[in-house]
file work04.pdb (PDB, C-alpha atoms)
ATOM      1  CA  MET I   1      12.376   9.482  -3.761  1.00  0.00           C
ATOM      2  CA  SER I   2      10.895  12.688  -5.135  1.00  0.00           C
ATOM      3  CA  SER I   3       9.191  15.330  -3.013  1.00  0.00           C
ATOM      4  CA  ALA I   4       5.886  14.564  -1.321  1.00  0.00           C
ATOM      5  CA  ARG I   5       3.166  13.509  -3.687  1.00  0.00           C
ATOM      6  CA  PHE I   6      -0.405  13.629  -2.484  1.00  0.00           C
ATOM      7  CA  VAL I   7      -2.397  12.292  -5.371  1.00  0.00           C
ATOM      8  CA  LEU I   8      -6.156  12.338  -5.133  1.00  0.00           C
ATOM      9  CA  LEU I   9      -7.791   9.680  -7.195  1.00  0.00           C
ATOM     10  CA  SER I  10     -11.528   9.536  -7.791  1.00  0.00           C
ATOM     11  CA  LEU I  11     -12.329   6.344  -9.654  1.00  0.00           C
ATOM     12  CA  CYS I  12     -15.562   5.505 -11.381  1.00  0.00           C
ATOM     13  CA  SER I  13     -17.217   2.155 -10.768  1.00  0.00           C
ATOM     14  CA  ALA I  14     -15.629   0.606 -13.847  1.00  0.00           C
ATOM     15  CA  LEU I  15     -12.149   1.449 -12.627  1.00  0.00           C
ATOM     16  CA  LEU I  16     -12.966   0.209  -9.145  1.00  0.00           C
ATOM     17  CA  LEU I  17     -14.099  -3.089 -10.610  1.00  0.00           C
ATOM     18  CA  GLN I  18     -10.950  -3.312 -12.711  1.00  0.00           C
ATOM     19  CA  ALA I  19      -8.789  -2.671  -9.663  1.00  0.00           C
ATOM     20  CA  ALA I  20     -10.674  -5.270  -7.649  1.00  0.00           C
ATOM     21  CA  LEU I  21      -9.957  -7.812 -10.342  1.00  0.00           C
ATOM     22  CA  GLY I  22      -6.269  -6.990 -10.118  1.00  0.00           C
ATOM     23  CA  ALA I  23      -6.077  -6.117 -13.820  1.00  0.00           C
ATOM     24  CA  ASP I  24      -4.120  -2.907 -13.301  1.00  0.00           C
ATOM     25  CA  PRO I  25      -2.110  -1.245 -10.546  1.00  0.00           C
ATOM     26  CA  LEU I  26      -3.935   1.152  -8.274  1.00  0.00           C
ATOM     27  CA  PHE I  27      -1.070   3.614  -8.589  1.00  0.00           C
ATOM     28  CA  HIS I  28       2.703   3.865  -8.936  1.00  0.00           C
ATOM     29  CA  VAL I  29       5.485   6.390  -8.362  1.00  0.00           C
ATOM     30  CA  CYS I  30       8.865   6.510 -10.105  1.00  0.00           C
ATOM     31  CA  SER I  31      11.628   8.304  -8.240  1.00  0.00           C
ATOM     32  CA  ASP I  32      13.559  11.094  -9.861  1.00  0.00           C
ATOM     33  CA  PRO I  33      16.116  12.238 -10.823  1.00  0.00           C
ATOM     34  CA  GLU I  34      18.280   9.248  -9.840  1.00  0.00           C
ATOM     35  CA  ASN I  35      18.636   6.714 -12.661  1.00  0.00           C
ATOM     36  CA  PHE I  36      20.840   3.714 -13.356  1.00  0.00           C
ATOM     37  CA  THR I  37      22.338   2.627 -16.659  1.00  0.00           C
ATOM     38  CA  ALA I  38      21.470  -0.536 -18.545  1.00  0.00           C
ATOM     39  CA  ASN I  39      23.546  -3.621 -17.698  1.00  0.00           C
ATOM     40  CA  SER I  40      25.068  -1.861 -14.687  1.00  0.00           C
ATOM     41  CA  PRO I  41      25.839  -3.477 -11.309  1.00  0.00           C
ATOM     42  CA  TYR I  42      22.786  -1.685  -9.898  1.00  0.00           C
ATOM     43  CA  GLU I  43      20.516  -3.275 -12.479  1.00  0.00           C
ATOM     44  CA  TYR I  44      22.030  -6.689 -11.739  1.00  0.00           C
ATOM     45  CA  ASN I  45      21.402  -6.198  -8.012  1.00  0.00           C
ATOM     46  CA  LEU I  46      17.845  -4.993  -8.635  1.00  0.00           C
ATOM     47  CA  ASN I  47      17.119  -8.064 -10.754  1.00  0.00           C
ATOM     48  CA  LYS I  48      18.494 -10.280  -8.004  1.00  0.00           C
ATOM     49  CA  LEU I  49      16.455  -8.492  -5.332  1.00  0.00           C
ATOM     50  CA  THR I  50      13.275  -8.746  -7.404  1.00  0.00           C
ATOM     51  CA  SER I  51      13.767 -12.497  -7.742  1.00  0.00           C
ATOM     52  CA  PHE I  52      14.390 -12.776  -3.995  1.00  0.00           C
ATOM     53  CA  LEU I  53      11.192 -10.883  -3.119  1.00  0.00           C
ATOM     54  CA  ASN I  54       9.182 -12.959  -5.588  1.00  0.00           C
ATOM     55  CA  THR I  55      10.300 -16.116  -3.790  1.00  0.00           C
ATOM     56  CA  LYS I  56      10.295 -15.021  -0.152  1.00  0.00           C
ATOM     57  CA  THR I  57       7.113 -12.950   0.071  1.00  0.00           C
ATOM     58  CA  PRO I  58       4.263 -15.444  -0.647  1.00  0.00           C
ATOM     59  CA  PRO I  59       4.666 -17.803   2.343  1.00  0.00           C
ATOM     60  CA  SER I  60       4.242 -15.067   4.979  1.00  0.00           C
ATOM     61  CA  GLY I  61       2.901 -12.175   2.916  1.00  0.00           C
ATOM     62  CA  PHE I  62       5.940  -9.966   3.520  1.00  0.00           C
ATOM     63  CA  SER I  63       9.671  -9.860   2.857  1.00  0.00           C
ATOM     64  CA  LEU I  64      12.458  -7.347   2.622  1.00  0.00           C
ATOM     65  CA  GLY I  65      16.043  -7.514   1.506  1.00  0.00           C
ATOM     66  CA  SER I  66      19.101  -5.729   0.219  1.00  0.00           C
ATOM     67  CA  VAL I  67      21.592  -6.664  -2.496  1.00  0.00           C
ATOM     68  CA  GLY I  68      24.958  -5.122  -3.360  1.00  0.00           C
ATOM     69  CA  GLN I  69      27.127  -2.541  -1.640  1.00  0.00           C
ATOM     70  CA  TYR I  70      28.083   1.123  -1.759  1.00  0.00           C
ATOM     71  CA  GLN I  71      26.507   3.062  -4.655  1.00  0.00           C
ATOM     72  CA  ASP I  72      25.178  -0.133  -6.243  1.00  0.00           C
ATOM     73  CA  GLN I  73      23.221  -1.325  -3.204  1.00  0.00           C
ATOM     74  CA  VAL I  74      19.447  -1.622  -3.573  1.00  0.00           C
ATOM     75  CA  TYR I  75      16.854  -2.081  -0.826  1.00  0.00           C
ATOM     76  CA  GLY I  76      13.380  -3.443  -1.364  1.00  0.00           C
ATOM     77  CA  LEU I  77      10.282  -4.945   0.179  1.00  0.00           C
ATOM     78  CA  ALA I  78       7.030  -6.539  -0.882  1.00  0.00           C
ATOM     79  CA  LEU I  79       3.819  -6.713   1.129  1.00  0.00           C
ATOM     80  CA  CYS I  80       0.668  -8.641   0.346  1.00  0.00           C
ATOM     81  CA  ARG I  81      -2.731  -7.790   1.752  1.00  0.00           C
ATOM     82  CA  GLY I  82      -3.281  -9.563   5.023  1.00  0.00           C
ATOM     83  CA  ASP I  83      -6.171 -11.642   3.687  1.00  0.00           C
ATOM     84  CA  ALA I  84      -4.458 -12.665   0.416  1.00  0.00           C
ATOM     85  CA  SER I  85      -3.723 -16.368  -0.061  1.00  0.00           C
ATOM     86  CA  PRO I  86      -0.133 -17.449  -0.848  1.00  0.00           C
ATOM     87  CA  SER I  87      -1.093 -18.115  -4.471  1.00  0.00           C
ATOM     88  CA  VAL I  88      -2.729 -14.699  -4.885  1.00  0.00           C
ATOM     89  CA  CYS I  89       0.238 -13.093  -3.131  1.00  0.00           C
ATOM     90  CA  LYS I  90       2.734 -14.864  -5.381  1.00  0.00           C
ATOM     91  CA  ALA I  91       0.967 -13.806  -8.569  1.00  0.00           C
ATOM     92  CA  CYS I  92       0.561 -10.214  -7.400  1.00  0.00           C
ATOM     93  CA  VAL I  93       4.190  -9.739  -6.326  1.00  0.00           C
ATOM     94  CA  ALA I  94       5.516 -11.296  -9.543  1.00  0.00           C
ATOM     95  CA  ASN I  95       3.284  -9.034 -11.599  1.00  0.00           C
ATOM     96  CA  ALA I  96       4.199  -5.967  -9.539  1.00  0.00           C
ATOM     97  CA  GLY I  97       7.935  -6.585  -9.896  1.00  0.00           C
ATOM     98  CA  THR I  98       7.602  -6.862 -13.664  1.00  0.00           C
ATOM     99  CA  GLU I  99       5.191  -3.975 -14.110  1.00  0.00           C
ATOM    100  CA  ILE I 100       7.124  -1.446 -12.049  1.00  0.00           C
ATOM    101  CA  ARG I 101      10.267  -2.122 -14.089  1.00  0.00           C
ATOM    102  CA  SER I 102       8.247  -1.478 -17.229  1.00  0.00           C
ATOM    103  CA  ARG I 103       6.819   1.781 -15.916  1.00  0.00           C
ATOM    104  CA  CYS I 104      10.036   2.979 -14.236  1.00  0.00           C
ATOM    105  CA  PRO I 105      12.699   1.277 -16.396  1.00  0.00           C
ATOM    106  CA  ARG I 106      15.799   3.152 -15.194  1.00  0.00           C
ATOM    107  CA  ASN I 107      14.720   4.669 -11.887  1.00  0.00           C
ATOM    108  CA  LYS I 108      16.767   3.785  -8.830  1.00  0.00           C
ATOM    109  CA  GLY I 109      13.627   3.827  -6.735  1.00  0.00           C
ATOM    110  CA  ALA I 110       9.975   3.085  -7.376  1.00  0.00           C
ATOM    111  CA  ILE I 111       6.809   1.860  -5.705  1.00  0.00           C
ATOM    112  CA  ILE I 112       3.684   0.240  -7.091  1.00  0.00           C
ATOM    113  CA  TRP I 113       0.403  -0.713  -5.437  1.00  0.00           C
ATOM    114  CA  TYR I 114      -2.148  -3.304  -6.441  1.00  0.00           C
ATOM    115  CA  ASP I 115      -5.291  -4.272  -4.598  1.00  0.00           C
ATOM    116  CA  ASP I 116      -3.513  -7.359  -3.225  1.00  0.00           C
ATOM    117  CA  CYS I 117       0.103  -6.230  -2.843  1.00  0.00           C
ATOM    118  CA  MET I 118       2.730  -3.500  -2.844  1.00  0.00           C
ATOM    119  CA  PHE I 119       6.284  -3.586  -4.232  1.00  0.00           C
ATOM    120  CA  LYS I 120       8.935  -0.983  -3.400  1.00  0.00           C
ATOM    121  CA  TYR I 121      12.666  -0.500  -3.936  1.00  0.00           C
ATOM    122  CA  LEU I 122      15.145   2.319  -3.386  1.00  0.00           C
ATOM    123  CA  ASP I 123      18.887   3.006  -3.461  1.00  0.00           C
ATOM    124  CA  THR I 124      18.923   4.098   0.201  1.00  0.00           C
ATOM    125  CA  ASN I 125      17.954   2.173   3.312  1.00  0.00           C
ATOM    126  CA  PHE I 126      14.329   3.004   4.143  1.00  0.00           C
ATOM    127  CA  PHE I 127      13.617   0.030   6.424  1.00  0.00           C
ATOM    128  CA  GLY I 128      11.997   0.929   9.725  1.00  0.00           C
ATOM    129  CA  GLN I 129      11.091   4.446   8.605  1.00  0.00           C
ATOM    130  CA  ILE I 130       7.557   5.699   7.990  1.00  0.00           C
ATOM    131  CA  ASP I 131       7.202   6.627   4.329  1.00  0.00           C
ATOM    132  CA  LYS I 132       5.711  10.120   4.290  1.00  0.00           C
ATOM    133  CA  THR I 133       6.482  10.723   0.606  1.00  0.00           C
ATOM    134  CA  ASN I 134       4.373   8.244  -1.330  1.00  0.00           C
ATOM    135  CA  LYS I 135       0.643   8.404  -0.762  1.00  0.00           C
ATOM    136  CA  PHE I 136      -2.668   8.503  -2.600  1.00  0.00           C
ATOM    137  CA  TYR I 137      -6.384   8.545  -1.859  1.00  0.00           C
ATOM    138  CA  MET I 138      -9.321   6.633  -3.295  1.00  0.00           C
ATOM    139  CA  TRP I 139     -12.979   7.121  -2.459  1.00  0.00           C
ATOM    140  CA  ASN I 140     -16.452   5.925  -3.340  1.00  0.00           C
ATOM    141  CA  LEU I 141     -18.406   8.479  -5.355  1.00  0.00           C
ATOM    142  CA  ASN I 142     -21.573   7.954  -3.287  1.00  0.00           C
ATOM    143  CA  ASN I 143     -22.293  10.233  -0.344  1.00  0.00           C
ATOM    144  CA  VAL I 144     -23.874   9.079   2.914  1.00  0.00           C
ATOM    145  CA  THR I 145     -27.067  10.680   4.224  1.00  0.00           C
ATOM    146  CA  ASN I 146     -25.703  11.503   7.688  1.00  0.00           C
ATOM    147  CA  PRO I 147     -22.025  12.506   7.261  1.00  0.00           C
ATOM    148  CA  ALA I 148     -21.396  13.527  10.872  1.00  0.00           C
ATOM    149  CA  LEU I 149     -22.590  10.208  12.282  1.00  0.00           C
ATOM    150  CA  PHE I 150     -20.947   8.155   9.559  1.00  0.00           C
ATOM    151  CA  ASN I 151     -17.586   9.929   9.770  1.00  0.00           C
ATOM    152  CA  GLY I 152     -17.500   9.346  13.504  1.00  0.00           C
ATOM    153  CA  ARG I 153     -18.202   5.642  13.091  1.00  0.00           C
ATOM    154  CA  VAL I 154     -15.522   5.341  10.404  1.00  0.00           C
ATOM    155  CA  ARG I 155     -12.913   6.988  12.606  1.00  0.00           C
ATOM    156  CA  ALA I 156     -13.903   4.843  15.596  1.00  0.00           C
ATOM    157  CA  LEU I 157     -13.657   1.617  13.615  1.00  0.00           C
ATOM    158  CA  LEU I 158     -10.323   2.464  12.004  1.00  0.00           C
ATOM    159  CA  THR I 159      -8.855   3.654  15.314  1.00  0.00           C
ATOM    160  CA  ARG I 160      -9.849   0.368  16.943  1.00  0.00           C
ATOM    161  CA  LEU I 161      -8.353  -1.611  14.070  1.00  0.00           C
ATOM    162  CA  ALA I 162      -5.136   0.428  14.165  1.00  0.00           C
ATOM    163  CA  LYS I 163      -4.703  -0.433  17.818  1.00  0.00           C
ATOM    164  CA  ALA I 164      -5.374  -4.115  17.109  1.00  0.00           C
ATOM    165  CA  ALA I 165      -3.035  -4.283  14.103  1.00  0.00           C
ATOM    166  CA  SER I 166      -0.140  -2.633  15.920  1.00  0.00           C
ATOM    167  CA  SER I 167      -0.360  -5.193  18.715  1.00  0.00           C
ATOM    168  CA  ILE I 168       0.260  -8.299  16.568  1.00  0.00           C
ATOM    169  CA  PRO I 169       3.270  -9.331  14.432  1.00  0.00           C
ATOM    170  CA  ARG I 170       1.323  -9.313  11.147  1.00  0.00           C
ATOM    171  CA  LEU I 171       0.426  -5.635  11.613  1.00  0.00           C
ATOM    172  CA  PHE I 172      -2.937  -6.280   9.960  1.00  0.00           C
ATOM    173  CA  ALA I 173      -6.503  -6.117  11.236  1.00  0.00           C
ATOM    174  CA  ALA I 174      -9.998  -6.147   9.791  1.00  0.00           C
ATOM    175  CA  GLY I 175     -13.406  -5.749  11.366  1.00  0.00           C
ATOM    176  CA  GLU I 176     -16.891  -4.294  11.153  1.00  0.00           C
ATOM    177  CA  LYS I 177     -19.174  -1.904  12.995  1.00  0.00           C
ATOM    178  CA  GLY I 178     -22.861  -1.092  12.830  1.00  0.00           C
ATOM    179  CA  VAL I 179     -23.784   2.363  11.579  1.00  0.00           C
ATOM    180  CA  GLU I 180     -27.564   2.735  11.575  1.00  0.00           C
ATOM    181  CA  GLY I 181     -30.374   0.374  10.718  1.00  0.00           C
ATOM    182  CA  LYS I 182     -29.033  -2.622   8.831  1.00  0.00           C
ATOM    183  CA  THR I 183     -26.039  -0.723   7.432  1.00  0.00           C
ATOM    184  CA  LYS I 184     -22.662  -2.055   8.468  1.00  0.00           C
ATOM    185  CA  LEU I 185     -19.240  -0.544   8.079  1.00  0.00           C
ATOM    186  CA  TYR I 186     -16.304  -2.786   7.127  1.00  0.00           C
ATOM    187  CA  GLY I 187     -12.682  -1.783   7.601  1.00  0.00           C
ATOM    188  CA  MET I 188      -9.122  -2.987   7.141  1.00  0.00           C
ATOM    189  CA  VAL I 189      -5.738  -1.554   8.172  1.00  0.00           C
ATOM    190  CA  GLN I 190      -2.205  -2.764   7.514  1.00  0.00           C
ATOM    191  CA  CYS I 191       1.438  -1.759   7.935  1.00  0.00           C
ATOM    192  CA  THR I 192       4.649  -2.992   6.356  1.00  0.00           C
ATOM    193  CA  ARG I 193       6.382  -5.293   8.815  1.00  0.00           C
ATOM    194  CA  ASP I 194       9.668  -3.425   8.879  1.00  0.00           C
ATOM    195  CA  LEU I 195       7.927  -0.972  11.221  1.00  0.00           C
ATOM    196  CA  SER I 196       7.797  -1.405  14.971  1.00  0.00           C
ATOM    197  CA  ALA I 197       4.441  -1.614  16.734  1.00  0.00           C
ATOM    198  CA  ALA I 198       4.724   2.038  17.774  1.00  0.00           C
ATOM    199  CA  GLU I 199       5.692   3.122  14.248  1.00  0.00           C
ATOM    200  CA  CYS I 200       2.793   1.182  12.757  1.00  0.00           C
ATOM    201  CA  LYS I 201       0.327   2.798  15.148  1.00  0.00           C
ATOM    202  CA  ALA I 202       1.753   6.249  14.416  1.00  0.00           C
ATOM    203  CA  CYS I 203       1.587   5.642  10.659  1.00  0.00           C
ATOM    204  CA  LEU I 204      -2.036   4.508  10.797  1.00  0.00           C
ATOM    205  CA  GLU I 205      -3.042   7.349  13.103  1.00  0.00           C
ATOM    206  CA  GLY I 206      -1.542   9.768  10.595  1.00  0.00           C
ATOM    207  CA  ALA I 207      -3.465   8.144   7.759  1.00  0.00           C
ATOM    208  CA  ILE I 208      -6.716   8.164   9.730  1.00  0.00           C
ATOM    209  CA  GLY I 209      -6.136  11.850  10.422  1.00  0.00           C
ATOM    210  CA  GLU I 210      -6.462  12.452   6.685  1.00  0.00           C
ATOM    211  CA  LEU I 211     -10.048  11.181   6.558  1.00  0.00           C
ATOM    212  CA  PRO I 212     -11.522  14.687   6.140  1.00  0.00           C
ATOM    213  CA  SER I 213      -9.274  15.320   3.127  1.00  0.00           C
ATOM    214  CA  CYS I 214      -9.781  11.890   1.637  1.00  0.00           C
ATOM    215  CA  CYS I 215     -13.271  10.653   2.133  1.00  0.00           C
ATOM    216  CA  ASP I 216     -15.468  13.042   4.098  1.00  0.00           C
ATOM    217  CA  GLY I 217     -19.020  11.683   3.982  1.00  0.00           C
ATOM    218  CA  LYS I 218     -18.185   9.037   1.386  1.00  0.00           C
ATOM    219  CA  GLU I 219     -19.524   5.461   1.542  1.00  0.00           C
ATOM    220  CA  GLY I 220     -16.004   4.093   1.102  1.00  0.00           C
ATOM    221  CA  GLY I 221     -12.426   5.271   0.969  1.00  0.00           C
ATOM    222  CA  ARG I 222      -8.740   4.514   1.263  1.00  0.00           C
ATOM    223  CA  VAL I 223      -5.565   6.267   2.273  1.00  0.00           C
ATOM    224  CA  VAL I 224      -2.719   4.233   0.819  1.00  0.00           C
ATOM    225  CA  GLY I 225       0.944   4.884   1.570  1.00  0.00           C
ATOM    226  CA  GLY I 226       4.338   3.265   1.354  1.00  0.00           C
ATOM    227  CA  SER I 227       4.272   2.123   4.993  1.00  0.00           C
ATOM    228  CA  CYS I 228       0.604   1.730   5.926  1.00  0.00           C
ATOM    229  CA  ASN I 229      -2.894   1.934   4.560  1.00  0.00           C
ATOM    230  CA  PHE I 230      -6.538   1.705   5.486  1.00  0.00           C
ATOM    231  CA  ARG I 231      -9.749   0.981   3.643  1.00  0.00           C
ATOM    232  CA  TYR I 232     -13.404   1.117   4.646  1.00  0.00           C
ATOM    233  CA  GLU I 233     -16.605   0.271   2.769  1.00  0.00           C
ATOM    234  CA  ILE I 234     -20.282  -0.402   3.499  1.00  0.00           C
ATOM    235  CA  TYR I 235     -19.972  -3.861   1.953  1.00  0.00           C
ATOM    236  CA  PRO I 236     -17.711  -6.814   2.888  1.00  0.00           C
ATOM    237  CA  PHE I 237     -14.426  -6.821   0.959  1.00  0.00           C
ATOM    238  CA  VAL I 238     -12.050  -8.813   3.180  1.00  0.00           C
ATOM    239  CA  ASN I 239     -11.572 -12.499   2.428  1.00  0.00           C
ATOM    240  CA  VAL I 240     -12.352 -14.526   5.557  1.00  0.00           C
TER     241      VAL I 240
END
call {"tool": "encode", "arguments": {"input": "work04.pdb", "output": "structure tokens"}}
result
Amino acid sequence: MSSARFVLLSLCSALLLQAALGADPLFHVCSDPENFTANSPYEYNLNKLTSFLNTKTPPSGFSLGSVGQYQDQVYGLALCRGDASPSVCKACVANAGTEIRSRCPRNKGAIIWYDDCMFKYLDTNFFGQIDKTNKFYMWNLNNVTNPALFNGRVRALLTRLAKAASSIPRLFAAGEKGVEGKTKLYGMVQCTRDLSAAECKACLEGAIGELPSCCDGKEGGRVVGGSCNFRYEIYPFVNV
């Protein structure tokens, strides 16, 4: 993949609504400069891997695989949000696999994120390694009235969820925490399941450490990467 990309995305309410509806990807990255040629063994293997991930991901919400050998080998994984139903997961992964090939038609590696899933492939084995290259931020445009208090509650909630997620096989956790008055804070964290429990915890702790850069004093925010992500809001957003 290309050198580290830290992309800061501030989305207006219309774009947030569009993303929530799953109409468009949240973000994508095409690798460079490695490309493959049309009708090559690599393209055949990538097509086969895409079909495999489309089939294997929905039942459990995660799958990974590799097809081919030597310079034509491709590695990939797909992850659905921990609260996504199998039908939502299936539709999201199928759409992601098609869309990323449209946006990165000849790249040997690419990654795309939707609200409900992520799809990634590469020509080198990345399984079990924390992805420190691909990352982006999203935040709510509204500011809170007491940033110091709110930021502390956000960090506390996400830290608790990171510990919970890293202790279960699904590497996913969601929860809530009171802030002040009737205001509640809702959070969600998740890791790709090729990571160990320790790697998941380390990945999420790194993401949480970026809160000041991402979402300082904001009513909602996300740090989204190729191996883990978190989201928090002051309204419920997890399907229960």
call {"tool": "closest_residue", "arguments": {"input": "work04.pdb", "among": "I:Ala84, I:Cys92, I:Leu204, I:Ile168", "to": "I:Val238", "atoms": "only C-alpha atoms"}}
result
I:Ala84
call {"tool": "resolve_selection", "arguments": {"input": "work04.pdb", "expression": "the PyMOL selection byres ((chain I and resi 46) around 12)", "output": "JSON, numbers by chain"}}
result
{"I": [36, 37, 38, 39, 40, 41, 42, 43, 44, 45, 47, 48, 49, 50, 51, 52, 53, 65, 66, 67, 68, 69, 72, 73, 74, 75, 76, 77, 97, 98, 100, 101, 105, 106, 107, 108, 109, 110, 120, 121, 122, 123]}
call {"tool": "residues_around", "arguments": {"input": "work04.pdb", "residues": "I:Thr183", "least_positions_apart": "2", "cutoff": "12 Å", "atoms": "all atoms listed in the file", "output": "VMD selection string"}}
result
chain I and resid 144 to 145 150 153 176 to 181 185 to 186 219 233 to 236
call {"tool": "resolve_selection", "arguments": {"input": "work04.pdb", "expression": "the PyMOL selection byres ((chain I and resi 143) around 10)", "output": "list of chain:residue names"}}
result
I:Asn140, I:Leu141, I:Asn142, I:Val144, I:Thr145, I:Asn146, I:Pro147, I:Cys215, I:Asp216, I:Gly217, I:Lys218, I:Glu219, I:Gly220
call {"tool": "atom_distance", "arguments": {"input": "work04.pdb", "atom1": "atom CA of I:Cys228", "atom2": "atom CA of I:Asn151"}}
result
20.3 Å
call {"tool": "atom_distance", "arguments": {"input": "work04.pdb", "atom1": "atom CA of I:Ile208", "atom2": "atom CA of I:His28"}}
result
21.3 Å
call {"tool": "decode", "arguments": {"input": "work04.pdb", "residues": "stretch 132-139 of chain I", "atoms": "all heavy atoms", "output": "tab-separated table (two decimals), in the first residue's frame"}}
result
chain	number	residue	atom	x	y	z
I	132	LYS	N	-1.49	0.32	9.82
I	132	LYS	CA	-1.20	1.68	10.27
I	132	LYS	C	-1.16	2.65	9.09
I	132	LYS	O	-0.82	3.82	9.26
I	132	LYS	CB	0.12	1.72	11.03
I	132	LYS	CG	0.11	0.86	12.29
I	132	LYS	CD	1.45	0.91	13.00
I	132	LYS	CE	1.43	0.04	14.26
I	132	LYS	NZ	2.74	0.07	14.97
I	133	THR	N	-1.49	2.15	7.90
I	133	THR	CA	-1.39	2.96	6.68
I	133	THR	C	-2.70	3.63	6.31
I	133	THR	O	-2.74	4.81	5.98
I	133	THR	CB	-0.91	2.09	5.50
I	133	THR	OG1	0.36	1.54	5.81
I	133	THR	CG2	-0.82	2.90	4.22
I	134	ASN	N	-3.77	2.87	6.37
I	134	ASN	CA	-5.07	3.34	5.89
I	134	ASN	C	-5.95	3.80	7.04
I	134	ASN	O	-6.30	3.01	7.91
I	134	ASN	CB	-5.77	2.22	5.12
I	134	ASN	CG	-4.92	1.71	3.97
I	134	ASN	OD1	-4.68	2.41	3.00
I	134	ASN	ND2	-4.45	0.47	4.08
I	135	LYS	N	-6.31	5.07	7.03
I	135	LYS	CA	-7.06	5.61	8.16
I	135	LYS	C	-7.75	6.90	7.74
I	135	LYS	O	-7.24	7.66	6.91
I	135	LYS	CB	-6.09	5.88	9.30
I	135	LYS	CG	-6.71	6.36	10.59
I	135	LYS	CD	-5.63	6.62	11.62
I	135	LYS	CE	-4.83	5.37	11.91
I	135	LYS	NZ	-3.75	5.62	12.90
I	136	PHE	N	-8.91	7.16	8.32
I	136	PHE	CA	-9.55	8.46	8.11
I	136	PHE	C	-10.42	8.80	9.32
I	136	PHE	O	-10.75	7.95	10.13
I	136	PHE	CB	-10.38	8.48	6.81
I	136	PHE	CG	-11.59	7.59	6.81
I	136	PHE	CD1	-12.85	8.10	7.09
I	136	PHE	CD2	-11.49	6.24	6.49
I	136	PHE	CE1	-13.97	7.30	7.07
I	136	PHE	CE2	-12.60	5.42	6.46
I	136	PHE	CZ	-13.85	5.94	6.76
I	137	TYR	N	-10.75	10.07	9.43
I	137	TYR	CA	-11.57	10.57	10.53
I	137	TYR	C	-12.90	11.09	9.99
I	137	TYR	O	-12.98	11.59	8.88
I	137	TYR	CB	-10.90	11.75	11.23
I	137	TYR	CG	-9.52	11.53	11.80
I	137	TYR	CD1	-8.69	12.62	12.03
I	137	TYR	CD2	-9.06	10.27	12.13
I	137	TYR	CE1	-7.43	12.47	12.58
I	137	TYR	CE2	-7.80	10.09	12.67
I	137	TYR	CZ	-6.97	11.19	12.89
I	137	TYR	OH	-5.72	11.02	13.41
I	138	MET	N	-13.91	11.01	10.83
I	138	MET	CA	-15.19	11.67	10.58
I	138	MET	C	-15.65	12.28	11.90
I	138	MET	O	-15.39	11.72	12.97
I	138	MET	CB	-16.25	10.68	10.08
I	138	MET	CG	-15.96	10.10	8.71
I	138	MET	SD	-17.16	8.82	8.21
I	138	MET	CE	-18.64	9.83	8.06
I	139	TRP	N	-16.32	13.42	11.83
I	139	TRP	CA	-16.82	14.02	13.07
I	139	TRP	C	-18.09	14.80	12.83
I	139	TRP	O	-18.37	15.26	11.73
I	139	TRP	CB	-15.76	14.92	13.71
I	139	TRP	CG	-15.33	16.07	12.87
I	139	TRP	CD1	-15.93	17.29	12.75
I	139	TRP	CD2	-14.19	16.12	12.02
I	139	TRP	NE1	-15.24	18.10	11.89
I	139	TRP	CE2	-14.16	17.40	11.41
I	139	TRP	CE3	-13.18	15.20	11.69
I	139	TRP	CZ2	-13.16	17.79	10.52
I	139	TRP	CZ3	-12.20	15.59	10.80
I	139	TRP	CH2	-12.19	16.86	10.23
